[in-house]
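Participant: I have a structure here, written as structure tokens, and I will follow up with some questions on it.
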Amino acid sequence: MSLEVVFAPDWRGGVPYQRLLAEALAAQGVSVRFLSGYKRVLPLTRLLAAQPCDLLHLHWPEAYYPKLNDRLDWFRRARFTTDLALAARRTPYVLTAHNLHEHNLQHLPFAHANYAAAYRRARLVFAHSEAAKQKLTEVYRLAPEKIRVIPHGDLSVELSAPVPCEEARARLGLAPGPLCLMFGAVEPYKGQEEILAFWKTARPAAQLVIVGKPNSPEYAATITRAADGVPGVTLRLGWLDDPALALWLSAADAALFNYRTIFTSGAAALARSWGVPILLPARLATVDLAEPTPTIFRFDRLDTDFAEKLALALATPPDHHTAAAWRAQTAWPRVAVLTAAGYRAALS
């Protein structure tokens with residue numbers, strides 16, 4: 001049975017996840033369109049009315065109550081549950097649990113209520129780990145049978161093959177020596193400021209490089225001030241395209257993630273696919289990296305065991321070949337088979 005599915009919102013410009021999933025779903029008899037644009041008052045309902053489909057696959061609900069820092073911010077957030085209810089009367093939907101709540105904005109009015117409504121009204125929820133499924137049942141009181149665990153797809157298929165470390169560093173203009181990489185969008189919830197404070201006081205025998213585009217000019221200034229004068233720290237702030245990202249991953253001895261909170265991490269999954277040793281907090285239990293594995297190092301706190309785990313990660317050689325099993329587990333054809341089965345279950 002063929003299906004017409006609409007992905008919403010259309011955020012292909014920021015991350016390749018939606019496009020790669022849509023392409024893989026075609027082999028499963030699922031035709032995917034993207035809900036682009038924005039309409040006032042009831043954006044989701046009005047946009048869907050112009051794009052009838054069998055099923056809506058909602059990815060990031062906050063796209064339909066954006067924070068624009070104007071006098072209508074409160075109204076946009078307050079009206080979302082009504083907009084969603086009206087849209088769901090016309091079109092059944094499923095939801096991928098990319099986030100437990102919206103990044104950096106969970107303190108704003110209606111933050112919990114809007115995500116709770118999105119999760120509870122969905123016919124089915126896709127989670128990226130068993131721990132994420134458990135968290136959803138606890139926070140939003142979802143029935144476990146409503147949640148299907150499907151791995152995050154392999155983003156490394158977008159990148160060229162790794163190049164030798166020395167070549168990558170020469171092309172990037174990096175000095176020799178151990179290199180710890182933090183990559184991706186530079187935002188407050190990523191915890192880079194705490195890592196910079198650690199480098200300033202502890203002065204580990206390793207370079208720290210932070211690469212990526214800040215989410216605002218104000219935060220770019222904040223992170224620049226935090227890094228100013230810190231020995232062994234390099235900032236490369238700006239858009240990170242795929243060829244540059246492949247070079248940085250090839251140059252790194254370890255990838256470091258210090259999210260204050262996160263539900264799933266495409267960046268960590270990508271580093272895992274690349275075979276780069278990964279260092280991340282134990283508190284991020286919902287990030288599934290198929291542990292235990294010799295290339296994943298969890299730390300409890302920056303002021304207790306972080307330095308020890310950093311040394312262990314840097315002493316573990318990156319190895320793209322050994323990550324082959326992870327890439328197979330997260331291959332898009334497998335993700336598409338599981339997703340299409342979920343669609344059909346939701347509509348049965």
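How things are named: the first chain in the structure tokens is A, the next is B, and so on; residues count from 1 in each chain; ligands count from 1 in the order shown.
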Please report, as CSV, each residue of region 304-334 of chain A lying at most 12 Å from region 258-274 of chain A, together with the nearest pair of atoms and the separation in Å rounded to one decimal; use only C-alpha atoms, and order rows by chain and ascending residue number.

Facilitator:
```
residue,atom,partner,partner_atom,distance
A:Phe306,CA,A:Asn258,CA,10.8
A:Pro317,CA,A:Trp274,CA,11.9
A:Pro318,CA,A:Trp274,CA,8.2
A:Asp319,CA,A:Trp274,CA,7.5
A:His320,CA,A:Trp274,CA,5.1
A:His321,CA,A:Trp274,CA,8.4
A:Thr322,CA,A:Trp274,CA,9.1
A:Ala323,CA,A:Ser273,CA,5.6
A:Ala324,CA,A:Ser273,CA,7.4
A:Ala325,CA,A:Ser273,CA,9.0
A:Trp326,CA,A:Ser273,CA,6.3
A:Arg327,CA,A:Ser273,CA,5.6
A:Ala328,CA,A:Ser273,CA,9.4
A:Gln329,CA,A:Ser273,CA,10.1
A:Thr330,CA,A:Ser273,CA,8.8
A:Ala331,CA,A:Ser273,CA,10.2
```

Participant: Report as a PyMOL selection string all protein, DNA and RNA residues lying within 10 Å of Arg40 (chain A), evaluated on only C-alpha atoms, omitting residues in the same chain fewer than 3 positions from it.

Facilitator: chain A and resi 43-44+46-47+64+76

Participant: Taking the DSSP assignment computed from this structure's backbone, write out as an MDAnalysis selection string all residues of region 72-159 of chain A that belong to helix (DSSP H, G or I).

Facilitator: chainID A and resid 73:78 80:90 111:121 130:140 144:146 155:158

Participant: Compile the contact shell of region 243-257 of chain A as a PyMOL selection string: residues with an atom at most 8 Å away, counting only C-alpha atoms, same-chain residues fewer than 6 positions apart removed.

Facilitator: chain A and resi 159-166+168-169+172+178-183+190-191+268+271+274+276-281+313-314+316-318

Participant: Applying 10 Å and only C-alpha atoms, which residues near Arg19 (chain A) remain after dropping the ones on its own chain fewer than 4 positions away? List them as a VMD selection string.

Facilitator: chain A and resid 7 10 to 13 15 23 to 25 32 34

Participant: Would you save the residues of that selection, restricted to N, CA and C atoms, as a PDB file, in the first residue's frame?

Facilitator:
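Below is the file that was written, part.pdb:
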```
ATOM      1  N   PHE A   7       6.020  15.788   5.647  1.00  0.00           N
ATOM      2  CA  PHE A   7       6.949  16.102   6.743  1.00  0.00           C
ATOM      3  C   PHE A   7       6.785  17.571   7.117  1.00  0.00           C
ATOM      4  N   ASP A  10       9.501  21.962   7.162  1.00  0.00           N
ATOM      5  CA  ASP A  10      10.547  21.705   6.173  1.00  0.00           C
ATOM      6  C   ASP A  10      11.831  22.374   6.660  1.00  0.00           C
ATOM      7  N   TRP A  11      12.623  21.614   7.400  1.00  0.00           N
ATOM      8  CA  TRP A  11      13.887  22.142   7.931  1.00  0.00           C
ATOM      9  C   TRP A  11      15.082  21.454   7.276  1.00  0.00           C
ATOM     10  N   ARG A  12      14.933  21.097   6.000  1.00  0.00           N
ATOM     11  CA  ARG A  12      16.032  20.441   5.293  1.00  0.00           C
ATOM     12  C   ARG A  12      17.251  21.338   5.164  1.00  0.00           C
ATOM     13  N   GLY A  13      17.062  22.635   5.216  1.00  0.00           N
ATOM     14  CA  GLY A  13      18.192  23.551   5.079  1.00  0.00           C
ATOM     15  C   GLY A  13      19.139  23.514   6.257  1.00  0.00           C
ATOM     16  N   VAL A  15      19.428  20.652   8.670  1.00  0.00           N
ATOM     17  CA  VAL A  15      19.959  19.307   8.930  1.00  0.00           C
ATOM     18  C   VAL A  15      19.509  18.378   7.812  1.00  0.00           C
ATOM     19  N   GLU A  23      14.147  10.153   1.270  1.00  0.00           N
ATOM     20  CA  GLU A  23      14.692   9.415   0.130  1.00  0.00           C
ATOM     21  C   GLU A  23      14.628   7.909   0.379  1.00  0.00           C
ATOM     22  N   ALA A  24      14.942   7.483   1.596  1.00  0.00           N
ATOM     23  CA  ALA A  24      14.921   6.051   1.911  1.00  0.00           C
ATOM     24  C   ALA A  24      13.494   5.512   1.961  1.00  0.00           C
ATOM     25  N   LEU A  25      12.540   6.335   2.352  1.00  0.00           N
ATOM     26  CA  LEU A  25      11.146   5.886   2.439  1.00  0.00           C
ATOM     27  C   LEU A  25      10.541   5.591   1.072  1.00  0.00           C
ATOM     28  N   VAL A  32       6.953  11.269   0.091  1.00  0.00           N
ATOM     29  CA  VAL A  32       7.056  12.323   1.098  1.00  0.00           C
ATOM     30  C   VAL A  32       7.066  13.694   0.429  1.00  0.00           C
ATOM     31  N   PHE A  34       6.990  18.053   1.675  1.00  0.00           N
ATOM     32  CA  PHE A  34       7.436  18.866   2.802  1.00  0.00           C
ATOM     33  C   PHE A  34       6.518  20.078   2.963  1.00  0.00           C
TER      34      PHE A  34
END
```

Participant: Report, in Å to a single decimal, how far apart CA of Phe126 (chain A) and CA of Arg148 (chain A) are.

Facilitator: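 These atoms are spaced 5.0 Å apart.
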
Participant: If I take CA of Trp60 (chain A) and CA of Ala220 (chain A), how far is one from the other in Å, to one decimal?

Facilitator: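 These atoms are spaced 24.6 Å apart.
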
Participant: Please, what distance in Å, to one decimal, runs between CA of Arg79 (chain A) and CA of Gln18 (chain A)?

Facilitator: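 Taking CA of Arg79 (chain A) as the start and CA of Gln18 (chain A) as the end point, the length is 26.2 Å.
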
Participant: Within 12 Å of Val139 (chain A), counting only C-alpha atoms, which residues show up once you throw out same-chain ones fewer than 2 positions away? Write them as a list in words, please.

Facilitator: Leu100, His101, His112, Ala113, Tyr115, Ala116, Tyr119, Arg120, Ala132, Lys133, Gln134, Lys135, Leu136, Thr137, Arg141, Leu142 and Ala143 of chain A

Participant: With only C-alpha atoms as the counted atoms, please give the residues lying no more than 8 Å from Glu187 (chain A), apart from itself and same-chain residues fewer than 2 positions off, as a list in words.

Facilitator: Ala185, Tyr189, Lys190, Gly191, Pro214, Asn215 and Tyr219 of chain A

Participant: Kindly save the residues from that selection, with N, CA and C atoms included, as a PDB file, in the first residue's frame.

Facilitator:
```pdb
ATOM      1  N   ALA A 185      26.242  23.583  15.752  1.00  0.00           N
ATOM      2  CA  ALA A 185      25.757  24.909  16.123  1.00  0.00           C
ATOM      3  C   ALA A 185      26.238  25.281  17.524  1.00  0.00           C
ATOM      4  N   TYR A 189      22.789  25.872  25.242  1.00  0.00           N
ATOM      5  CA  TYR A 189      22.554  24.560  25.838  1.00  0.00           C
ATOM      6  C   TYR A 189      23.657  23.555  25.551  1.00  0.00           C
ATOM      7  N   LYS A 190      24.593  23.894  24.644  1.00  0.00           N
ATOM      8  CA  LYS A 190      25.667  22.970  24.290  1.00  0.00           C
ATOM      9  C   LYS A 190      26.750  22.872  25.377  1.00  0.00           C
ATOM     10  N   GLY A 191      26.811  23.832  26.304  1.00  0.00           N
ATOM     11  CA  GLY A 191      27.761  23.746  27.415  1.00  0.00           C
ATOM     12  C   GLY A 191      29.202  24.064  27.051  1.00  0.00           C
ATOM     13  N   PRO A 214      27.365  30.256  15.591  1.00  0.00           N
ATOM     14  CA  PRO A 214      26.573  30.647  16.766  1.00  0.00           C
ATOM     15  C   PRO A 214      25.127  30.929  16.392  1.00  0.00           C
ATOM     16  N   ASN A 215      24.231  30.708  17.352  1.00  0.00           N
ATOM     17  CA  ASN A 215      22.812  30.906  17.054  1.00  0.00           C
ATOM     18  C   ASN A 215      22.391  32.369  17.088  1.00  0.00           C
ATOM     19  N   TYR A 219      25.365  35.613  21.246  1.00  0.00           N
ATOM     20  CA  TYR A 219      26.051  34.459  21.815  1.00  0.00           C
ATOM     21  C   TYR A 219      27.435  34.270  21.203  1.00  0.00           C
TER      22      TYR A 219
END
```

Participant: Give the strand (DSSP E) residues of region 236-279 of chain A, as DSSP finds them on the backbone, and put them as a ChimeraX atom specification.

Facilitator: /A:236-237,254-256,278-279

Participant: Write out the residues from the selection above, keeping C-alpha atoms, as a PDB file, in the first residue's frame.

Facilitator:
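The resulting file, out30.pdb, is shown below:
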```
ATOM      1  CA  ARG A 236      36.257  28.787  14.159  1.00  0.00           C
ATOM      2  CA  LEU A 237      32.844  30.410  14.296  1.00  0.00           C
ATOM      3  CA  ALA A 254      38.271  13.001  20.193  1.00  0.00           C
ATOM      4  CA  ALA A 255      34.851  14.631  19.901  1.00  0.00           C
ATOM      5  CA  LEU A 256      33.511  16.329  23.024  1.00  0.00           C
ATOM      6  CA  ILE A 278      33.550  10.443  22.040  1.00  0.00           C
ATOM      7  CA  LEU A 279      33.504  12.101  25.445  1.00  0.00           C
TER       8      LEU A 279
END
```

Participant: Rank A:Pro204, A:Gly153, A:Gly238, A:Gly232 by their smallest atom-to-atom distance to Pro217 (chain A), using only C-alpha atoms, and report the top residue only.

Facilitator: A:Gly238

Participant: Of the candidates A:Phe75, A:Phe198, A:Phe297, A:Tyr17, which one gets nearest to Lys309 (chain A) if we count only C-alpha atoms?

Facilitator: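 Once distances to Lys309 (chain A) are computed over only C-alpha atoms, the minimum belongs to A:Phe297.
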
Participant: With distances taken over only C-alpha atoms, which of A:Pro16, A:Ala122, A:Leu196, A:Pro151 is nearest to Ala336 (chain A)?

Facilitator: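 Checking each candidate against Ala336 (chain A), we get A:Pro151 as the closest.
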
Participant: Set the distance at 10 Å and use only C-alpha atoms: which residues neighbour Pro109 (chain A) once local chain neighbours fewer than 2 positions away are removed? I'd like the list as number ranges by chain.

Facilitator: A: 73-74, 77-78, 105-107, 111-114
